[in-house]
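Taking it in order: structure first as structure tokens, then the write-up.
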Amino acid sequence: MTGDAVSGAGPSGAVERVGVAIVGGGPVGLLLGCLLAARDVSVAVVERRTEVSTRARAIGVHAPGFAVLAEAGVGDELAEQAITITGGEVSCAGRVLGRMRFPEASAVWSLPQHLVEAALERRLAELAPGALRRGVEAGSVRGVRGGVELSPTGESGGAPLRADYLVVAAGVRSRLRESFGVGWRRAAGSARYAMADVAFSEGAPDDELAQLRFEADGVVESLPMPGGRRWVAHLGAVDRGVVDRGAGAVLADAADPAVEPAVIDAAAFAEIIAVRTGVQLDPAAIEPSVFEARQHLASRFAAGRLALAGDTAHELSPIGGQGMTLGFLDAFALAAVLPEALAMSDPAPFAHYARTRRRAAARACRRARFNMAMGAPARGIRLTLRNAVVRMLAVPPVRAVLARTFTMRGL
């Protein structure tokens with residue numbers, strides 16, 4: 001096994017050694033752990049949460065990301081739980097502006113993020129028992145001769161962890177970027193949205209199409225998911241008054257389950273959906289929350305023996321659902337680099353990874369910015385022009401290019 005785990009003796013000098021340490025046991029960190037363990041690399045994954053969060057977060061896994069999950073050995077299990085989004089329909093004021101069908105090989109898999117994490121956690125336990133350390137936080141990280149040393153804190157604590165390489169996939173709020181002098185740069189595009197997961201109900205769409213309503217007051221998305229649909233509504237200036245910030249509440253960080261979401265009154269959310277789409281949701285059956293879509297890119301995706309992945313490297317607007325798949329592709333790229341780096345004792349193996357994955361993330365940010373702009377409130381000539389653009393994008397051959405974009409080909 002590459003980088004076998006060993007521990008020194010004595011209470012003060014005990015140090016555990018692994019080939020790769022991963023900070024963050026979310027979907028990206030767990031996936032990378034599985035991919036490396038399957039390649040016979042010793043790995044440790046430290047995660048501050050003591051259990052998987054079931055709060056509503058990402059639900060979309062695009063075909064390239066699902067292929068990586070399959071390689072990790074969880075594809076069949078997740079396919080049984082997921083449903084496939086086979087295409088999309090865009091409308092405004094009850095009129096269909098365009099339709100799009102995805103090729104079978106490019107369908108988007110819809111399933112809640114916590115199911116993905118649970119499957120990956122079970123798989124990692126099969127491949128490398130004990131590799132996941134819950135209740136452990138990376139208190140400090142420092143470069144040492146031939147590697148990186150992580151000093152853990154938290155409920156479980158433990159001995160210092162010394163690794164040949166460190167990957168940080170700990171979410172957008174990770175402080176470890178700063179420890180290695182990596183900046184966090186704001187990218188264009190931001191907006192506020194409210195969302196709720198709703199069980200199947202009379203009058204709601206029940207097919208496997210993503211429904212996008214580009215209304216004058218802002219977009220409403222209705223996305224199929226197991227057992228129901230997710231509803232997402234852009235909050236314009238008028239709608240923002242109904243958000244109850246509560247005592248000390250903060251806006252939800254779509255990538256960080258530790259941040260509690262701001263809330264919106266269920267009746268107010270149902271009214272927004274009804275006014276814009278005509279669909280009546282039962283306020284008693286929904287628990288909507290509010291999030292702010294922001295975008296950031298790390299100034300570098302690697303520094304020496306450190307690599308960043310997932311939301312620690314790039315924060316994307318969840319509109320368009322690119323974030324989780326983009327992180328899975330980061331994990332896939334790192335899993336190809338690290339075994340060879342360990343075999344050759346390469347002190348800085350991440351140059352190609354950092355360059356190519358940052359370019360991909362920048363492209364994804366631009367796509368997300370376009371998605372947000374298209375769904376912003378629009379009236380008069382702006383609304384007319386936007387609808388004309390949507391109709392143009394729905395006509396071949398442009399439609400094929402757009403389908404490729406929505407299914408994350410090229411990232």
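Residues are named by chain letter and number: chains run A, B, ... in the order of the structure tokens, numbers start at 1 in each chain, and ligands are numbered from 1 in the order shown.
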| query | Could you pull the residues within 12 Å of A:Arg186, counting only C-alpha atoms, minus those fewer than 2 positions along the same chain, as a PyMOL selection string? | reply | chain A and resi 172+183-184+188-190+293-299+313-317+362+365
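For stretch 41-75 of chain A, the set of residues given strand (DSSP E) by DSSP on the backbone reads Val43, Ala44, Val45, Val46, Glu47, Gly60 and Val61 of chain A.
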| A:Asp330, A:Gly380, A:Leu69, A:Met344: which is nearest A:Ala360, counting only C-alpha atoms? | A:Asp330
| message | List the spatial neighbours of A:Leu124 as a PyMOL selection string - criterion: any atom at most 8 Å away, only C-alpha atoms, same-chain residues fewer than 5 positions off excluded. | response | chain A and resi 30+33-34+37+129+131-132
Store the residues of this selection in a file with N, CA, C and O atoms, as a tab-separated table (two decimals), in the first residue's frame.
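Result went into selection-v8.tsv, see below:
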chain	number	residue	atom	x	y	z
A	30	LEU	N	-15.21	12.62	0.38
A	30	LEU	CA	-15.49	11.19	0.47
A	30	LEU	C	-15.22	10.49	-0.86
A	30	LEU	O	-14.68	9.38	-0.89
A	33	GLY	N	-11.55	10.12	-1.31
A	33	GLY	CA	-11.08	9.06	-0.44
A	33	GLY	C	-11.33	7.68	-1.03
A	33	GLY	O	-10.46	6.80	-1.00
A	34	CYS	N	-12.53	7.48	-1.59
A	34	CYS	CA	-12.86	6.19	-2.22
A	34	CYS	C	-11.96	5.91	-3.41
A	34	CYS	O	-11.44	4.80	-3.58
A	37	ALA	N	-8.40	5.12	-2.16
A	37	ALA	CA	-8.33	3.83	-1.47
A	37	ALA	C	-8.41	2.68	-2.47
A	37	ALA	O	-7.74	1.66	-2.31
A	129	PRO	N	-11.36	0.82	6.11
A	129	PRO	CA	-12.01	0.97	7.42
A	129	PRO	C	-11.25	1.94	8.31
A	129	PRO	O	-10.03	1.89	8.43
A	131	ALA	N	-10.88	5.12	7.83
A	131	ALA	CA	-10.29	6.27	7.14
A	131	ALA	C	-11.03	7.56	7.43
A	131	ALA	O	-10.43	8.64	7.48
A	132	LEU	N	-12.35	7.48	7.62
A	132	LEU	CA	-13.14	8.68	7.91
A	132	LEU	C	-13.12	8.95	9.41
A	132	LEU	O	-13.48	8.10	10.21
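For the choices A:Val168, A:Arg192, A:Asp282, A:Trp109, the atom-to-atom distance to A:Pro224 is smallest for A:Trp109 when using only C-alpha atoms.
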| note | What separates atom CA of A:Asp311 and atom CA of A:Val61 is a distance of 15.1 Å
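Across the model, the gap from atom CA of A:Val52 to atom CA of A:Gly25 is 9.0 Å.
Going from atom CA of A:Pro283 to atom CA of A:Phe269 covers 7.9 Å.
Near A:Ala267, within a cut-off of 10 Å and counting only C-alpha atoms, sit the residues Val242, Ile264, Ala270, Glu271, Ile272, Ile273, Leu281, Asp282, Pro283, Ala284, Ile286, Glu287 and Pro288 of chain A, with same-chain residues fewer than 3 positions away left out.
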| field | helix (DSSP H, G or I) per DSSP on the backbone: members of stretch 96-188 of chain A, as a PyMOL selection string | value | chain A and resi 104-106+113-127+176-179
| task | Can you pull out every residue within 8 Å of A:Leu35, counting only C-alpha atoms, but drop anything in the same chain fewer than 6 positions away, and send it as a ChimeraX atom specification? | result | /A:71-72,332,335
Residues of the last selection are to be written out with C-alpha atoms, as a CSV table (one decimal), in the first residue's frame.
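What ended up in again17.csv:
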chain,number,residue,atom,x,y,z
A,71,GLU,CA,-15.9,4.3,-10.9
A,72,ALA,CA,-15.9,4.7,-7.1
A,332,PHE,CA,-11.3,12.4,-10.4
A,335,ALA,CA,-7.1,10.6,-8.0
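Closest approach to A:Ser151 among A:Ala70, A:Ile381, A:Arg95, A:Ala21 is made by A:Ala21 (distances from only C-alpha atoms).
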| task | Pick out the closest residue to A:Ala268 from this set: A:Ser174, A:Arg305, A:Arg57, A:Ser289. Count only C-alpha atoms. | result | A:Ser289
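If you measure from each of A:Ala119, A:Val395, A:Ala125, A:Ala170 to A:Ala138 using only C-alpha atoms, the closest one turns out to be A:Ala170.
The closest residue to A:Arg355, picked from A:Ala368, A:Ala333, A:Met392, A:Met324 and counting only C-alpha atoms, is A:Ala333.
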